[in-house]
Each structure stands twice: as structure tokens, then as C-alpha cells.
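Comments concern the structure below.
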Amino acid sequence: MQFNVQSSKFGNIVLTVATFLLFSTIVLTRSLLALTDTDIEFYQKVIAEMPLGERIASWAERFVGVPYDPDPAGEYVTRKVIVEDERVDCMYLSFRTVELALSHTPEEAVQVALDKRFVHKGTVSSGIVTNYCDRFQYGEDMLDSGKWGVEITANVGPLSTITGSRGRERVPMVSKEALIRKMREPSVLGLRSGDFIFFVKIPDKRVYGEIVGHIGIIKVDGKDIYLIHAGGEKNKGGSVKKVLFSNYVRAMPFAGIRVSRFLSP
């Protein structure tokens, strides 16, 4: 009887691994094509038992290679839709990965989107979003809203402050220089898969009063820490990339970072 139980457990492990590999093969062969609802629901079931942060990072990895969205407002906003997976920018990538990770079906992901993408609550009529004017348009507003996880910036490195905007006099962050010093020992950063990095712009580089100029998602693989982000410029191209976080930080044009983490319900 004990042998049968162990065999059953082993069989379940083999089945889970095989299912995961099958889905990965589907993703690779489809290349940059968006997944269907059937594909999405299948993968949601495959990774359902993973911690929330791992689910977020897994969905982010699925978007690696997807072209950058050239629409200044975002194609999803211009078309007034929730799902627009063929091209993404950093904000849509953030929205979509969380929506898919927090839900069990594509339909449920849409309901999550109506909460997470909006300052208040999104509304849809006949498949059209009617109030994208209420969406988050600034990364700092996402972070400060409380809808985008718990801020853990102080756990990542020594805090400093930088000039704010739009009613914020000063904003806390871990500076680029402090982060580079801490990265000499990556384990002390305390970052986990699924953490969101909000990159703080240098004040004289801000164009629209934005404090956060970019957003990325952390993926921890063994001792390596990766950043998955939609790298590109509007009307200039780009794609979703997975790069070593340390390399990105050393070359980044930002003053520092803020960090948030979604905790499992």
C-alpha cells in the first residue's frame, strides 16, 4: 500500500512536469502569437499551486519576445479593451501578469483587471471599457494606491529621498548607487520572483510630471536575479526582455527604485 501511494505521488510529479513542458512547447512554437483563452486557462491550472510571486513571474516570462506597444496611450486604451496581448508596454505587462496570476480563468482575469488597472473601478459595456480615463497612468499612483502589493523598498536597501511631483514633495527610494553596492552580494537584496520594480526618474528627465519612468518584474532563478520588462520606446520598437537585474541597474538611466510585493491571500 505504501508503495502504491509513493508511486502515485511520483506519477503526479511526472504528469505535472510533462504538462508544464507541453505548455512550454506550445508557447515556443507559437512564438509571439497571443495565447487563446483555452491556452491561458490550461496554464493557470498548471501553475495554480505555485506561490503567487512565482505565478506572476511565470506569466511575465510567457511575454518575453512579444513586441513593444508603439501606441503612446497603449493599444488596449485606444481600442478600449482589456486583453491586447499582441503588443505590450511596461504598464500593460504589469497589469496583465497580475491579472492572470490572481485568477483561475480568463474571465476571472478580466474581473481582476477592472480592479487593478483603475484608481476606482473599471466598467465594461458590450466588451468595451467605458472609463479608461480612471485608469492608473502613473506608476507611483499604482504603488501608492495599495492595490499593487506591499511596498518593500526599505527591505531592499538603504532609503534616500528624491524630489517628487504632482503633490509629492519627496519620494523614498533606493538610489542606483546604493543598489549597485548591495548587488555585490545579490542574496542580501531579498528580492523574490514576482516583485515589482518601479524605476524612479531623475527630476530633470521628467516630461509629464511622472516620478516612475518604467516598471519591471523580478524572476529569481537559483542565484541569478532577472528583470523581465517591456524594453522599448513609443513609435521606435522594442520587445519584452529578460535580462540580469544587475546588468540592467548598472546601465539604467534612472535615479533609483521602489519595490512592491504581492502577498498570497
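How things are named: the first chain in the C-alpha cells is A, the next is B, and so on; residues count from 1 in each chain; ligands count from 1 in the order shown.
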Residue set, range 153-262 of chain A restricted to strand (DSSP E), as a ChimeraX atom specification: /A:160-163,170-175,196-200,212-221,224-233,237-244,256-261
Alpha helix (DSSP H) per DSSP on the backbone: members of range 64-190 of chain A, as a PyMOL selection string: chain A and resi 75-78+90-101+106-116+139-145+153-156+176-182
Pick from A:Lys219, A:His214, A:Lys45, A:Arg250 nearest to Ala57 in chain A, counting only C-alpha atoms: A:Lys219
Near-Glu99 in chain A list (8 Å; only C-alpha atoms; drop same-chain fewer than 4 positions) as a PyMOL selection string: chain A and resi 95+103+109-110+112-113+116
Expected file contents, prior selection, C-alpha atoms, as a PDB file, in the first residue's frame:
```pdb
ATOM      1  CA  PHE A  95      -1.377  44.741 -15.360  1.00  0.00           C
ATOM      2  CA  SER A 103      -7.259  34.422 -11.413  1.00  0.00           C
ATOM      3  CA  ALA A 109      -8.750  37.750 -15.068  1.00  0.00           C
ATOM      4  CA  VAL A 110     -10.947  40.395 -16.679  1.00  0.00           C
ATOM      5  CA  VAL A 112      -9.337  41.369 -11.612  1.00  0.00           C
ATOM      6  CA  ALA A 113      -8.350  43.866 -14.320  1.00  0.00           C
ATOM      7  CA  LYS A 116      -6.164  46.548 -10.538  1.00  0.00           C
TER       8      LYS A 116
END
```
Range 59-63 of chain A surroundings by only C-alpha atoms, 10 Å radius, close-in-sequence under 5 positions cut, as a ChimeraX atom specification: /A:24,27-28,31-35,40,43-44,47,54,85-88,93-94,96-101,194,216-219,227-230,239-242
Can you write just those residues out, N, CA and C atoms, as an mmCIF file, in the first residue's frame?
```
data_model
loop_
_atom_site.group_PDB
_atom_site.id
_atom_site.type_symbol
_atom_site.label_atom_id
_atom_site.label_comp_id
_atom_site.auth_asym_id
_atom_site.auth_seq_id
_atom_site.Cartn_x
_atom_site.Cartn_y
_atom_site.Cartn_z
ATOM 1 N N SER A 24 5.105 24.719 -22.350
ATOM 2 C CA SER A 24 6.262 25.491 -22.777
ATOM 3 C C SER A 24 6.516 25.300 -24.267
ATOM 4 N N VAL A 27 4.086 27.376 -26.200
ATOM 5 C CA VAL A 27 4.477 28.789 -26.177
ATOM 6 C C VAL A 27 5.593 29.049 -27.172
ATOM 7 N N LEU A 28 6.605 28.173 -27.173
ATOM 8 C CA LEU A 28 7.741 28.377 -28.060
ATOM 9 C C LEU A 28 7.347 28.279 -29.521
ATOM 10 N N SER A 31 5.580 31.208 -30.747
ATOM 11 C CA SER A 31 6.445 32.384 -30.789
ATOM 12 C C SER A 31 5.733 33.592 -30.206
ATOM 13 N N LEU A 32 5.515 34.626 -31.013
ATOM 14 C CA LEU A 32 4.990 35.873 -30.496
ATOM 15 C C LEU A 32 3.473 35.954 -30.558
ATOM 16 N N LEU A 33 2.805 34.884 -30.983
ATOM 17 C CA LEU A 33 1.364 34.926 -31.083
ATOM 18 C C LEU A 33 0.728 34.920 -29.698
ATOM 19 N N ALA A 34 -0.349 35.660 -29.548
ATOM 20 C CA ALA A 34 -1.043 35.693 -28.260
ATOM 21 C C ALA A 34 -1.698 34.347 -27.990
ATOM 22 N N LEU A 35 -1.755 33.979 -26.729
ATOM 23 C CA LEU A 35 -2.409 32.741 -26.343
ATOM 24 C C LEU A 35 -3.919 32.871 -26.437
ATOM 25 N N ILE A 40 -4.634 29.921 -21.988
ATOM 26 C CA ILE A 40 -4.473 30.646 -20.730
ATOM 27 C C ILE A 40 -5.043 29.837 -19.569
ATOM 28 N N TYR A 43 -2.802 26.884 -18.649
ATOM 29 C CA TYR A 43 -1.602 27.224 -17.896
ATOM 30 C C TYR A 43 -1.940 27.697 -16.487
ATOM 31 N N GLN A 44 -3.064 28.381 -16.338
ATOM 32 C CA GLN A 44 -3.485 28.780 -14.994
ATOM 33 C C GLN A 44 -3.632 27.567 -14.086
ATOM 34 N N ILE A 47 -0.017 26.032 -13.119
ATOM 35 C CA ILE A 47 0.782 26.737 -12.112
ATOM 36 C C ILE A 47 -0.025 27.146 -10.879
ATOM 37 N N GLU A 54 5.682 33.492 -7.833
ATOM 38 C CA GLU A 54 6.169 32.628 -8.908
ATOM 39 C C GLU A 54 5.191 32.618 -10.074
ATOM 40 N N ASP A 85 -2.858 41.330 -26.029
ATOM 41 C CA ASP A 85 -1.591 40.672 -25.706
ATOM 42 C C ASP A 85 -0.575 40.653 -26.843
ATOM 43 N N GLU A 86 -0.943 41.105 -28.034
ATOM 44 C CA GLU A 86 -0.029 41.017 -29.175
ATOM 45 C C GLU A 86 1.139 41.982 -29.076
ATOM 46 N N ARG A 87 0.930 43.121 -28.421
ATOM 47 C CA ARG A 87 1.969 44.124 -28.210
ATOM 48 C C ARG A 87 1.744 44.708 -26.819
ATOM 49 N N VAL A 88 2.824 44.925 -26.073
ATOM 50 C CA VAL A 88 2.668 45.377 -24.686
ATOM 51 C C VAL A 88 3.693 46.450 -24.349
ATOM 52 N N LEU A 93 2.126 45.121 -19.321
ATOM 53 C CA LEU A 93 2.762 43.886 -18.864
ATOM 54 C C LEU A 93 2.539 43.687 -17.373
ATOM 55 N N SER A 94 2.658 44.759 -16.613
ATOM 56 C CA SER A 94 2.415 44.683 -15.170
ATOM 57 C C SER A 94 0.966 44.311 -14.892
ATOM 58 N N ARG A 96 -1.258 42.841 -16.835
ATOM 59 C CA ARG A 96 -1.691 41.537 -17.344
ATOM 60 C C ARG A 96 -1.124 40.380 -16.531
ATOM 61 N N THR A 97 0.120 40.459 -16.138
ATOM 62 C CA THR A 97 0.708 39.357 -15.381
ATOM 63 C C THR A 97 0.019 39.168 -14.038
ATOM 64 N N VAL A 98 -0.319 40.263 -13.383
ATOM 65 C CA VAL A 98 -1.003 40.168 -12.090
ATOM 66 C C VAL A 98 -2.416 39.631 -12.272
ATOM 67 N N GLU A 99 -3.104 40.114 -13.284
ATOM 68 C CA GLU A 99 -4.474 39.656 -13.542
ATOM 69 C C GLU A 99 -4.519 38.148 -13.785
ATOM 70 N N LEU A 100 -3.592 37.665 -14.577
ATOM 71 C CA LEU A 100 -3.568 36.235 -14.892
ATOM 72 C C LEU A 100 -3.130 35.399 -13.694
ATOM 73 N N ALA A 101 -2.208 35.944 -12.902
ATOM 74 C CA ALA A 101 -1.713 35.199 -11.740
ATOM 75 C C ALA A 101 -2.733 35.128 -10.613
ATOM 76 N N GLY A 194 8.389 37.718 -8.841
ATOM 77 C CA GLY A 194 7.103 38.396 -8.785
ATOM 78 C C GLY A 194 7.147 39.768 -8.164
ATOM 79 N N GLY A 216 9.254 46.898 -14.021
ATOM 80 C CA GLY A 216 9.675 45.554 -14.409
ATOM 81 C C GLY A 216 9.337 44.554 -13.326
ATOM 82 N N ILE A 217 9.498 43.286 -13.664
ATOM 83 C CA ILE A 217 9.124 42.184 -12.769
ATOM 84 C C ILE A 217 10.341 41.304 -12.528
ATOM 85 N N ILE A 218 10.549 40.925 -11.287
ATOM 86 C CA ILE A 218 11.701 40.113 -10.911
ATOM 87 C C ILE A 218 11.413 38.623 -11.101
ATOM 88 N N LYS A 219 12.419 37.914 -11.603
ATOM 89 C CA LYS A 219 12.403 36.449 -11.671
ATOM 90 C C LYS A 219 13.709 35.949 -11.075
ATOM 91 N N LEU A 227 15.431 40.577 -14.502
ATOM 92 C CA LEU A 227 14.370 41.560 -14.664
ATOM 93 C C LEU A 227 13.656 41.257 -15.976
ATOM 94 N N ILE A 228 12.339 41.092 -15.904
ATOM 95 C CA ILE A 228 11.535 40.932 -17.106
ATOM 96 C C ILE A 228 10.797 42.248 -17.315
ATOM 97 N N HIS A 229 10.999 42.859 -18.471
ATOM 98 C CA HIS A 229 10.408 44.185 -18.687
ATOM 99 C C HIS A 229 10.160 44.412 -20.171
ATOM 100 N N ALA A 230 9.202 45.275 -20.452
ATOM 101 C CA ALA A 230 8.923 45.674 -21.832
ATOM 102 C C ALA A 230 9.889 46.787 -22.185
ATOM 103 N N SER A 239 10.810 45.145 -27.384
ATOM 104 C CA SER A 239 10.132 43.891 -27.058
ATOM 105 C C SER A 239 10.272 43.621 -25.570
ATOM 106 N N VAL A 240 9.553 42.617 -25.099
ATOM 107 C CA VAL A 240 9.690 42.187 -23.704
ATOM 108 C C VAL A 240 10.980 41.380 -23.591
ATOM 109 N N LYS A 241 11.787 41.729 -22.597
ATOM 110 C CA LYS A 241 13.105 41.129 -22.448
ATOM 111 C C LYS A 241 13.304 40.575 -21.043
ATOM 112 N N LYS A 242 14.151 39.569 -20.951
ATOM 113 C CA LYS A 242 14.563 39.015 -19.666
ATOM 114 C C LYS A 242 16.071 39.188 -19.568
#
```
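With distances restricted to only C-alpha atoms, A:Lys80 is the closest residue to Ser125 in chain A from A:Arg168, A:Lys80, A:Lys176, A:Arg55.
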Residues near Tyr208 in chain A, cut-off 12 Å, only C-alpha atoms, skip fewer than 4 positions along chain, as JSON, numbers by chain: {"A": [137, 138, 165, 166, 201, 203, 204, 212, 213]}
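Rounded to one decimal, CA of Pro172 in chain A and CA of Gly146 in chain A lie 15.8 Å from each other.
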